[in-house]
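File shown: data-v8.txt. Contents: compact mmCIF, C-alpha atoms (C1' of nucleotides).
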# COMPACT_ATOMS: atom_id res chain seq x y z
CA MET A 12 -30.70 20.70 130.34
CA ILE A 13 -28.14 23.04 128.80
CA ARG A 14 -25.58 20.26 128.60
CA GLU A 15 -27.76 18.32 126.18
CA GLY A 16 -29.62 20.73 123.95
CA GLY A 17 -27.79 23.99 124.44
CA THR A 18 -29.01 27.34 125.63
CA ALA A 19 -32.39 27.06 123.94
CA ALA A 20 -33.15 23.86 125.86
CA LEU A 21 -33.14 25.64 129.21
CA SER A 22 -36.76 25.96 130.23
CA LEU A 23 -37.68 27.56 133.48
CA ARG A 24 -40.82 25.47 133.78
CA GLU A 25 -38.96 22.23 133.11
CA ALA A 26 -36.32 23.22 135.65
CA THR A 27 -38.89 23.79 138.38
CA ARG A 28 -40.59 20.55 137.36
CA ARG A 29 -37.36 18.65 137.92
CA ALA A 30 -36.97 20.41 141.24
CA GLY A 31 -40.45 19.21 142.21
CA VAL A 32 -41.80 22.70 142.51
CA THR A 33 -44.27 24.98 140.72
CA PRO A 34 -43.04 27.47 138.08
CA GLY A 35 -43.67 30.54 140.19
CA ALA A 36 -41.25 29.36 142.86
CA ALA A 37 -38.32 30.05 140.54
CA TYR A 38 -38.99 33.77 140.82
CA ARG A 39 -38.03 33.61 144.51
CA HIS A 40 -34.47 32.84 143.43
CA PHE A 41 -34.04 34.36 139.95
CA ARG A 42 -35.38 37.46 138.31
CA GLY A 43 -36.50 35.41 135.33
CA ARG A 44 -35.25 32.98 132.74
CA ASP A 45 -32.39 35.23 131.64
CA ASP A 46 -31.14 35.53 135.19
CA LEU A 47 -31.20 31.76 135.59
CA LEU A 48 -29.26 31.45 132.36
CA ALA A 49 -26.66 33.92 133.59
CA ALA A 50 -26.24 31.95 136.80
CA ALA A 51 -25.78 28.75 134.80
CA SER A 52 -23.24 30.53 132.61
CA ARG A 53 -21.18 31.50 135.64
CA ALA A 54 -21.22 27.94 136.95
CA ILE A 55 -20.12 26.61 133.57
CA GLN A 56 -17.22 29.05 133.34
CA GLU A 57 -15.81 27.71 136.56
CA GLN A 58 -15.89 24.17 135.21
CA MET A 59 -14.27 25.42 132.03
CA THR A 60 -11.32 27.08 133.72
CA ALA A 61 -10.84 24.03 135.89
CA ARG A 62 -10.63 21.86 132.78
CA MET A 63 -8.26 24.28 131.07
CA ARG A 64 -6.04 24.20 134.12
CA THR A 65 -5.77 20.41 134.11
CA ALA A 66 -5.22 20.38 130.35
CA VAL A 67 -1.81 22.00 130.73
CA PRO A 68 0.52 19.72 132.76
CA PRO A 69 1.81 21.34 135.96
CA ARG A 70 5.36 22.65 135.78
CA PRO A 71 7.93 19.88 136.39
CA ALA A 72 9.52 20.01 139.85
CA GLY A 73 13.05 20.55 138.53
CA GLU A 74 14.14 24.08 139.38
CA VAL A 75 16.75 24.37 136.64
CA SER A 76 15.04 27.37 135.18
CA VAL A 77 17.32 28.66 132.53
CA ALA A 78 15.69 31.60 130.78
CA GLU A 79 15.29 29.43 127.72
CA ASP A 80 13.28 26.85 129.64
CA ALA A 81 11.07 29.52 131.16
CA ALA A 82 10.28 30.81 127.70
CA ALA A 83 9.49 27.33 126.45
CA ARG A 84 7.25 26.76 129.43
CA ALA A 85 5.39 30.00 128.81
CA LEU A 86 4.80 28.99 125.23
CA ASP A 87 3.55 25.59 126.33
CA ARG A 88 1.16 27.23 128.72
CA LEU A 89 -0.18 29.45 125.99
CA ARG A 90 -0.71 26.45 123.74
CA GLY A 91 -2.37 24.62 126.63
CA VAL A 92 -4.85 27.41 127.20
CA GLY A 93 -5.82 27.41 123.55
CA LEU A 94 -6.08 23.66 123.21
CA GLY A 95 -7.92 23.43 126.51
CA TYR A 96 -10.46 25.96 125.30
CA ILE A 97 -11.03 24.01 122.11
CA GLY A 98 -11.13 20.74 123.99
CA PHE A 99 -13.81 22.01 126.33
CA ALA A 100 -15.93 23.23 123.44
CA ARG A 101 -15.71 19.84 121.75
CA ALA A 102 -16.41 17.87 124.91
CA GLU A 103 -19.33 19.99 126.10
CA PRO A 104 -20.83 21.84 123.15
CA GLY A 105 -24.06 22.60 124.97
CA TRP A 106 -22.27 24.21 127.87
CA PHE A 107 -19.88 26.01 125.60
CA GLU A 108 -22.67 27.57 123.60
CA THR A 109 -24.01 29.19 126.72
CA VAL A 110 -20.85 30.63 128.17
CA PHE A 111 -19.92 33.54 125.93
CA PHE A 112 -23.24 33.94 124.27
CA GLY A 113 -25.97 33.30 126.75
CA ALA A 114 -26.84 36.50 128.52
CA PRO A 115 -27.68 39.45 126.28
CA GLY A 116 -29.73 39.45 123.14
CA VAL A 117 -28.34 41.15 120.10
CA GLY A 118 -30.10 44.41 120.87
CA ALA A 119 -28.39 46.89 123.18
CA GLU A 120 -31.24 46.93 125.65
CA THR A 121 -29.03 46.09 128.60
CA GLY A 122 -28.82 49.70 129.70
CA ALA A 123 -30.95 51.34 132.38
CA GLY A 124 -30.50 48.82 135.16
CA GLU A 125 -33.07 48.94 137.90
CA GLY A 126 -31.20 49.90 141.05
CA ALA A 127 -28.12 52.02 141.55
CA GLY A 128 -26.12 49.25 143.25
CA GLU A 129 -26.59 46.87 140.33
CA GLU A 130 -23.33 45.04 139.77
CA ARG A 131 -22.68 45.04 136.03
CA ASP A 132 -21.79 41.77 134.41
CA HIS A 133 -18.73 43.26 132.80
CA GLU A 134 -16.31 41.34 134.99
CA VAL A 135 -13.86 39.50 132.78
CA ALA A 136 -14.61 35.83 132.30
CA PRO A 137 -12.26 33.35 134.04
CA PRO A 138 -11.18 31.54 130.87
CA PHE A 139 -10.21 34.88 129.39
CA LEU A 140 -8.18 35.60 132.53
CA ALA A 141 -6.24 32.38 132.00
CA LEU A 142 -5.32 33.59 128.53
CA LEU A 143 -4.21 36.96 129.87
CA ALA A 144 -1.97 35.26 132.42
CA ALA A 145 -0.39 33.02 129.81
CA LEU A 146 0.31 35.98 127.53
CA ASP A 147 1.81 37.98 130.39
CA GLU A 148 4.10 35.07 131.15
CA CYS A 149 5.17 35.10 127.52
CA ARG A 150 6.01 38.77 127.75
CA ASP A 151 7.92 38.32 131.03
CA THR A 152 10.00 35.50 129.61
CA GLY A 153 10.81 37.37 126.45
CA VAL A 154 8.70 35.27 124.10
CA LEU A 155 6.67 38.35 123.29
CA THR A 156 7.87 41.92 123.11
CA ALA A 157 5.87 44.40 125.15
CA GLU A 158 4.66 45.94 121.94
CA ARG A 159 3.42 42.67 120.47
CA ARG A 160 1.85 41.75 123.78
CA GLU A 161 -0.55 44.68 123.42
CA GLY A 162 -3.91 43.41 122.19
CA ALA A 163 -2.60 39.90 121.57
CA GLU A 164 -5.34 38.49 123.79
CA PHE A 165 -7.95 39.49 121.26
CA VAL A 166 -6.13 37.85 118.39
CA CYS A 167 -5.63 34.61 120.31
CA TRP A 168 -9.13 34.47 121.70
CA SER A 169 -10.62 35.19 118.28
CA ALA A 170 -8.84 32.34 116.58
CA VAL A 171 -9.49 29.78 119.28
CA HIS A 172 -13.12 30.70 119.84
CA GLY A 173 -13.82 30.90 116.14
CA PHE A 174 -12.33 27.47 115.61
CA ALA A 175 -14.48 26.07 118.37
CA GLU A 176 -17.58 27.39 116.64
CA LEU A 177 -16.35 26.04 113.35
CA VAL A 178 -16.16 22.59 114.87
CA ILE A 179 -19.49 22.73 116.67
CA HIS A 180 -21.78 24.54 114.23
CA GLY A 181 -19.73 24.99 111.07
CA PRO A 182 -18.47 22.87 108.21
CA LEU A 183 -16.23 20.87 110.54
CA ARG A 184 -19.36 19.73 112.40
CA ASP A 185 -19.02 16.09 111.52
CA ALA A 186 -15.38 15.84 110.55
CA PRO A 187 -13.53 12.86 112.04
CA ALA A 188 -11.90 13.52 115.39
CA GLU A 189 -8.33 13.05 114.14
CA VAL A 190 -8.79 15.72 111.50
CA VAL A 191 -10.13 18.12 114.07
CA ASP A 192 -7.26 17.25 116.40
CA ALA A 193 -4.71 18.06 113.72
CA LEU A 194 -6.45 21.28 112.73
CA SER A 195 -6.63 22.36 116.37
CA VAL A 196 -2.87 22.36 116.77
CA ARG A 197 -2.49 23.94 113.34
CA VAL A 198 -4.76 26.83 114.36
CA VAL A 199 -3.11 27.32 117.73
CA ASP A 200 0.41 27.16 116.35
CA ASP A 201 -0.36 29.44 113.42
CA ILE A 202 -1.97 32.04 115.60
CA ILE A 203 0.95 32.02 118.00
CA ALA A 204 3.33 32.40 115.08
CA GLY A 205 1.28 35.29 113.80
CA VAL A 206 1.13 37.05 117.12
CA ARG A 207 4.88 36.95 117.82
CA MET B 13 -37.32 40.83 112.58
CA ILE B 14 -33.96 39.09 112.58
CA ARG B 15 -32.17 42.29 111.70
CA GLU B 16 -33.24 43.91 114.94
CA GLY B 17 -33.34 41.30 117.67
CA GLY B 18 -31.39 38.42 116.19
CA THR B 19 -32.37 34.84 115.57
CA ALA B 20 -34.55 34.58 118.65
CA ALA B 21 -36.69 37.49 117.48
CA LEU B 22 -37.95 35.59 114.46
CA SER B 23 -41.51 34.59 115.25
CA LEU B 24 -43.54 32.70 112.74
CA ARG B 25 -46.76 34.17 114.05
CA GLU B 26 -45.45 37.73 113.90
CA ALA B 27 -44.20 37.11 110.37
CA THR B 28 -47.60 35.97 109.16
CA ARG B 29 -49.16 38.90 110.99
CA ARG B 30 -46.97 41.33 109.07
CA ALA B 31 -47.88 39.53 105.88
CA GLY B 32 -51.55 40.04 106.70
CA VAL B 33 -52.22 36.35 106.92
CA THR B 34 -53.11 33.78 109.56
CA PRO B 35 -50.37 31.65 111.21
CA GLY B 36 -51.39 28.44 109.51
CA ALA B 37 -50.76 29.88 106.06
CA ALA B 38 -47.02 29.84 106.73
CA TYR B 39 -47.06 26.06 106.63
CA ARG B 40 -48.01 26.18 102.96
CA HIS B 41 -44.56 27.63 102.23
CA PHE B 42 -42.27 26.40 105.01
CA ARG B 43 -42.06 23.17 106.95
CA GLY B 44 -42.00 25.12 110.20
CA ARG B 45 -40.13 27.86 111.98
CA ASP B 46 -36.73 26.20 111.49
CA ASP B 47 -37.29 25.98 107.77
CA LEU B 48 -38.24 29.66 107.62
CA LEU B 49 -35.09 30.46 109.56
CA ALA B 50 -32.98 28.46 107.12
CA ALA B 51 -34.52 30.33 104.19
CA ALA B 52 -33.76 33.65 105.88
CA SER B 53 -30.21 32.49 106.51
CA ARG B 54 -29.70 31.78 102.84
CA ALA B 55 -31.02 35.19 101.88
CA ILE B 56 -28.71 36.87 104.37
CA GLN B 57 -25.67 35.02 103.08
CA GLU B 58 -26.26 36.44 99.64
CA GLN B 59 -26.32 39.96 101.03
CA MET B 60 -23.20 39.17 102.99
CA THR B 61 -21.18 38.02 100.01
CA ALA B 62 -22.35 41.03 98.03
CA ARG B 63 -21.09 43.31 100.77
CA MET B 64 -17.79 41.46 101.01
CA ARG B 65 -17.35 41.85 97.29
CA THR B 66 -17.83 45.62 97.41
CA ALA B 67 -15.56 45.91 100.43
CA VAL B 68 -12.51 44.98 98.36
CA PRO B 69 -11.96 47.55 95.60
CA PRO B 70 -12.10 46.07 92.10
CA ARG B 71 -8.77 45.46 90.44
CA PRO B 72 -7.39 48.63 88.85
CA ALA B 73 -7.76 48.68 85.09
CA GLY B 74 -4.01 48.82 84.40
CA GLU B 75 -2.94 45.50 82.98
CA VAL B 76 0.73 45.75 83.98
CA SER B 77 0.54 42.55 85.96
CA VAL B 78 4.03 41.79 87.09
CA ALA B 79 4.05 38.66 89.21
CA GLU B 80 4.83 40.85 92.20
CA ASP B 81 1.71 42.90 91.65
CA ALA B 82 -0.43 39.83 91.27
CA ALA B 83 0.83 38.57 94.61
CA ALA B 84 0.13 41.90 96.27
CA ARG B 85 -3.35 41.92 94.79
CA ALA B 86 -4.04 38.42 96.05
CA LEU B 87 -2.98 39.48 99.52
CA ASP B 88 -5.20 42.53 99.36
CA ARG B 89 -8.10 40.38 98.31
CA LEU B 90 -7.52 38.07 101.27
CA ARG B 91 -7.44 41.03 103.61
CA GLY B 92 -10.57 42.39 102.00
CA VAL B 93 -12.47 39.17 102.56
CA GLY B 94 -11.51 39.16 106.22
CA LEU B 95 -12.26 42.81 106.83
CA GLY B 96 -15.49 42.56 104.85
CA TYR B 97 -16.60 39.66 107.01
CA ILE B 98 -15.90 41.62 110.18
CA GLY B 99 -17.51 44.72 108.76
CA PHE B 100 -20.68 42.86 107.93
CA ALA B 101 -20.87 41.41 111.41
CA ARG B 102 -20.51 44.85 112.97
CA ALA B 103 -22.99 46.52 110.64
CA GLU B 104 -25.67 43.83 110.89
CA PRO B 105 -25.19 41.87 114.11
CA GLY B 106 -28.69 40.44 114.03
CA TRP B 107 -28.26 39.06 110.54
CA PHE B 108 -24.77 37.85 111.30
CA GLU B 109 -25.92 35.89 114.31
CA THR B 110 -28.29 33.90 112.14
CA VAL B 111 -26.01 33.01 109.28
CA PHE B 112 -23.59 30.47 110.66
CA PHE B 113 -25.54 29.53 113.69
CA GLY B 114 -29.21 29.52 112.89
CA ALA B 115 -30.26 26.13 111.66
CA PRO B 116 -29.27 23.18 113.81
CA GLY B 117 -29.52 22.91 117.55
CA VAL B 118 -26.54 21.69 119.46
CA GLY B 119 -27.77 18.11 119.47
CA ALA B 120 -26.92 15.91 116.50
CA GLU B 121 -30.54 15.14 115.77
CA THR B 122 -30.28 16.30 112.18
CA GLY B 123 -29.94 12.75 110.90
CA ALA B 124 -32.79 10.60 109.56
CA GLY B 125 -34.28 13.04 107.09
CA GLU B 126 -37.79 12.28 105.96
CA GLY B 127 -37.58 11.55 102.25
CA ALA B 128 -34.84 10.02 100.19
CA GLY B 129 -34.43 12.99 97.84
CA GLU B 130 -33.85 15.38 100.75
CA GLU B 131 -31.13 17.78 99.73
CA ARG B 132 -28.76 18.13 102.68
CA ASP B 133 -27.83 21.62 103.77
CA HIS B 134 -24.15 20.78 103.64
CA GLU B 135 -23.47 22.98 100.66
CA VAL B 136 -20.67 25.38 101.49
CA ALA B 137 -21.76 28.89 102.43
CA PRO B 138 -21.03 31.64 99.87
CA PRO B 139 -18.88 33.79 102.22
CA PHE B 140 -16.76 30.74 102.86
CA LEU B 141 -16.42 30.26 99.12
CA ALA B 142 -15.09 33.80 98.81
CA LEU B 143 -12.40 32.94 101.33
CA LEU B 144 -11.48 29.78 99.45
CA ALA B 145 -11.12 31.75 96.22
CA ALA B 146 -8.89 34.35 97.85
CA LEU B 147 -6.67 31.67 99.33
CA ASP B 148 -6.41 29.85 96.03
CA GLU B 149 -5.36 33.09 94.39
CA CYS B 150 -2.66 33.45 97.05
CA ARG B 151 -1.40 29.98 96.23
CA ASP B 152 -1.45 30.60 92.51
CA THR B 153 0.51 33.84 92.85
CA GLY B 154 3.09 32.30 95.12
CA VAL B 155 2.05 34.08 98.30
CA LEU B 156 1.26 30.73 99.86
CA THR B 157 3.04 27.44 99.23
CA ALA B 158 0.78 24.56 98.30
CA GLU B 159 1.59 22.96 101.63
CA ARG B 160 0.64 26.02 103.67
CA ARG B 161 -2.49 26.48 101.58
CA GLU B 162 -3.82 23.19 102.92
CA GLY B 163 -6.31 23.87 105.70
CA ALA B 164 -5.53 27.58 105.77
CA GLU B 165 -9.20 28.36 105.22
CA PHE B 166 -10.04 27.01 108.66
CA VAL B 167 -7.38 29.09 110.37
CA CYS B 168 -8.47 32.28 108.62
CA TRP B 169 -12.16 31.70 109.10
CA SER B 170 -11.63 30.88 112.77
CA ALA B 171 -9.82 34.10 113.52
CA VAL B 172 -12.15 36.37 111.63
CA HIS B 173 -15.35 34.76 112.83
CA GLY B 174 -14.10 34.62 116.39
CA PHE B 175 -13.21 38.28 116.30
CA ALA B 176 -16.66 39.14 115.02
CA GLU B 177 -18.22 37.34 117.96
CA LEU B 178 -15.82 39.05 120.31
CA VAL B 179 -17.03 42.40 119.06
CA ILE B 180 -20.72 41.56 119.09
CA HIS B 181 -21.15 39.49 122.23
CA GLY B 182 -17.79 39.59 123.98
CA PRO B 183 -15.69 42.03 125.97
CA LEU B 184 -15.29 44.30 122.94
CA ARG B 185 -19.07 44.74 122.90
CA ASP B 186 -19.01 48.44 123.70
CA ALA B 187 -15.49 49.38 122.77
CA PRO B 188 -15.17 52.56 120.71
CA ALA B 189 -15.28 52.06 116.97
CA GLU B 190 -11.72 53.25 116.35
CA VAL B 191 -10.35 50.65 118.77
CA VAL B 192 -12.31 47.93 117.04
CA ASP B 193 -11.14 49.20 113.66
CA ALA B 194 -7.51 49.01 114.72
CA LEU B 195 -7.93 45.58 116.26
CA SER B 196 -9.65 44.30 113.14
CA VAL B 197 -6.64 44.98 110.94
CA ARG B 198 -4.36 43.66 113.68
CA VAL B 199 -6.25 40.36 113.75
CA VAL B 200 -6.40 40.02 109.98
CA ASP B 201 -2.75 40.88 109.48
CA ASP B 202 -1.56 38.65 112.30
CA ILE B 203 -3.52 35.69 111.05
CA ILE B 204 -2.20 36.14 107.54
CA ALA B 205 1.31 36.34 108.92
CA GLY B 206 0.70 33.17 110.91
CA VAL B 207 -0.70 31.27 107.98
CA ARG B 208 2.14 32.00 105.60
C1' DC C 25 -44.69 32.27 175.49
C1' DA C 26 -47.04 34.59 171.89
C1' DC C 27 -46.76 37.29 168.12
C1' DA C 28 -45.26 39.59 164.06
C1' DC C 29 -42.61 38.93 160.16
C1' DC C 30 -40.52 37.15 156.12
C1' DA C 31 -38.71 33.81 152.89
C1' DA C 32 -40.53 30.15 150.16
C1' DG C 33 -44.09 27.91 147.74
C1' DT C 34 -48.89 27.42 145.55
C1' DA C 35 -52.78 28.16 142.47
C1' DG C 36 -54.36 30.30 138.75
C1' DA C 37 -54.47 33.31 135.25
C1' DC C 38 -52.67 36.04 130.89
C1' DG C 39 -50.64 36.39 126.50
C1' DC C 40 -47.45 34.63 123.37
C1' DC C 41 -45.56 30.86 120.82
C1' DG C 42 -45.30 26.70 117.27
C1' DT C 43 -48.06 23.28 115.28
C1' DT C 44 -52.05 20.65 113.50
C1' DC C 45 -56.46 19.67 111.28
C1' DA C 46 -60.83 20.04 109.00
C1' DC C 47 -62.84 23.13 106.01
C1' DA C 48 -63.41 27.07 102.49
C1' DT C 49 -62.06 29.34 98.11
C1' DC C 50 -60.39 30.32 93.72
C1' DG C 51 -57.79 29.80 89.31
C1' DG C 52 -56.23 26.93 85.64
C1' DC C 53 -56.56 22.69 82.85
C1' DC C 54 -58.55 18.69 80.65
C1' DG D 25 -68.17 22.50 82.78
C1' DG D 26 -66.33 20.13 86.19
C1' DC D 27 -62.27 18.75 88.70
C1' DC D 28 -58.16 19.52 91.37
C1' DG D 29 -54.37 21.47 93.57
C1' DA D 30 -52.51 25.41 95.70
C1' DT D 31 -53.48 28.79 99.16
C1' DG D 32 -55.73 30.59 103.12
C1' DT D 33 -59.00 30.35 107.31
C1' DG D 34 -60.63 29.38 112.03
C1' DA D 35 -60.22 27.01 115.92
C1' DA D 36 -58.00 24.30 118.83
C1' DC D 37 -53.86 22.00 121.75
C1' DG D 38 -50.00 22.12 124.60
C1' DG D 39 -45.94 24.54 126.16
C1' DC D 40 -43.69 28.58 127.49
C1' DG D 41 -42.37 32.95 130.55
C1' DT D 42 -44.37 35.94 133.73
C1' DC D 43 -47.40 38.19 137.13
C1' DT D 44 -50.52 38.45 141.25
C1' DA D 45 -52.96 37.20 145.34
C1' DC D 46 -52.92 33.88 148.77
C1' DT D 47 -51.01 30.22 152.10
C1' DT D 48 -47.46 28.31 155.13
C1' DG D 49 -43.83 27.33 158.14
C1' DG D 50 -39.93 28.69 160.71
C1' DT D 51 -37.34 32.37 163.26
C1' DG D 52 -36.21 36.06 166.19
C1' DT D 53 -38.02 39.35 169.48
C1' DG D 54 -41.05 41.78 172.85
In structure tokens, how does this file's structure come out?
Amino acid sequence: MIREGGTAALSLREATRRAGVTPGAAYRHFRGRDDLLAAASRAIQEQMTARMRTAVPPRPAGEVSVAEDAAARALDRLRGVGLGYIGFARAEPGWFETVFFGAPGVGAETGAGEGAGEERDHEVAPPFLALLAALDECRDTGVLTAERREGAEFVCWSAVHGFAELVIHGPLRDAPAEVVDALSVRVVDDIIAGVR
Amino acid sequence: MIREGGTAALSLREATRRAGVTPGAAYRHFRGRDDLLAAASRAIQEQMTARMRTAVPPRPAGEVSVAEDAAARALDRLRGVGLGYIGFARAEPGWFETVFFGAPGVGAETGAGEGAGEERDHEVAPPFLALLAALDECRDTGVLTAERREGAEFVCWSAVHGFAELVIHGPLRDAPAEVVDALSVRVVDDIIAGVR
DNA sequence: CACACCAAGTAGACGCCGTTCACATCGGCC
DNA sequence: GGCCGATGTGAACGGCGTCTACTTGGTGTG
């Protein structure tokens, strides 16, 4: 349901209907619609990281790792993470909409959890972890100084996520695919240049 | 209602209730809830551009415009647009959420309008226009080459909009204000560096 | 073996929502 | 003076999320 129609299209009643069950049964497994949405969001994030992993080709078997090659590989990985993120958003806009946006409303009413043992949802999202790893690799291979590494994840994530939204909801909504392709690499390359 | 609670908090019934009127009356002025939301979005965008205009200090009265100064002023204006955008998103997250995201669902079912004279909503948003103007000024003053100017609006908008989302919904949700302040200028400066 | 127990599901209700339709009302214009 | 269009009303329909009391079927234990 999320896949076609986005977050708003997730209906608890419709979900139970498809499961061949009455609406009340859902409350045996989820605290409510929001909880169901959060569970879906987690499932989607796994798919997303998997896709981002396959988007960047695995390191070639040759072990001739001159420092220069290691740096180039780190840069390629960083580009792959960014382009993979954008690619996922374009391929599955409904899923994408849910991932980083689904759970909390705009109000700050998330405080005052019920129990004490409540595990907060503040664990870092897997796709964000992939970005962190790529940036660390850039620092370790000398592509990024330690100073420039600091906070770079926010700059990179901002640009890539913002572009994804631009393509899905914004003025690039119905631009031809080749234009979006070209702009994708432009955004990723420019942001990497700016962050170095 | 949108201001506190975001897009989802806009209820047509509640709106008519506050207006002291029955729900049906709304349909004399709007085609439905989506149309009301679109009207609200337009109103918000005007407020947003006004705020972005005041965020960048007006040009000093001195008319000693060496080319160098004109370039510096163009750069300042570009920074101001970016920081104003982020500032608006932080000050009014509910409004912000609606502006670039309110109207269409994720599906592409916007086609097949009813009448022939239907004016499409593809007119460019005013805050985006402010960005275009700032970038043009950068080109005219030599800050940006004509080649680099091409498509730069998408790179800039991506970074700034993405950062705003990061602050509102993402891992920077409850970061202290000073950290967000510092990261804001980092993002804006890095993206300008990358785009040049 | 029998029994208590508990997870899972059901039936039905409540209040909110968006939307529609037939009907009232009231002001301005020919 | 009578018409008409804009505006609002009242009631209804179906869908939604959520809650509560009640049934049921399997499982582990005395």
Chain A residues near chain C (9 Å cut-off, all atoms listed in the file) as a list in words: Val32, Thr33, Gly35, Ala36 and Arg39 of chain A
Distance-based interface of chain B with chain A, 8 Å, counting all atoms listed in the file, as a ChimeraX atom specification: /B:16-18,105-106,112-113,116-119,134,136,163,166-178,180-183,195,198-199,202-207
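Between CA of Pro138 (chain A) and CA of Arg160 (chain A) the interatomic distance comes to 18.0 Å.
When all atoms listed in the file are used to compute distances to chain B, the closest of the residues D:DG49, D:DG32, D:DG54, D:DG41 turns out to be D:DG32.
Nearest-residue note for chain A: choosing from D:DG26, D:DG39, D:DG52, D:DG34, the minimum distance belongs to D:DG39, counting all atoms listed in the file.
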Interface list for chain A, partner chain D, 12 Å threshold, only C-alpha atoms (C1' of nucleotides), as a ChimeraX atom specification: /A:19-25,34-38,42-45
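In this structure, CA of Leu49 (chain B) sits 24.7 Å away from CA of Ala100 (chain A).
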How big is the axis-aligned box, and where does its centre sit, when it encloses all atoms of region 32-42 of chain C listed in the file and has 3 Å added on every side, reported in Å to one decimal as lines of an AutoDock Vina configuration file?
center_x = -47.5
center_y = 31.5
center_z = 133.7
size_x = 19.9
size_y = 15.7
size_z = 38.9
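Note that the spacing between CA of Arg88 (chain A) and CA of Thr152 (chain A) amounts to 12.1 Å.
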For Arg62 (chain A): contacts at 12 Å, only C-alpha atoms (C1' of nucleotides), fewer than 2 positions along chain excluded, given as a PyMOL selection string: chain A and resi 55-60+64-68+91-100+102-103+137-138+141
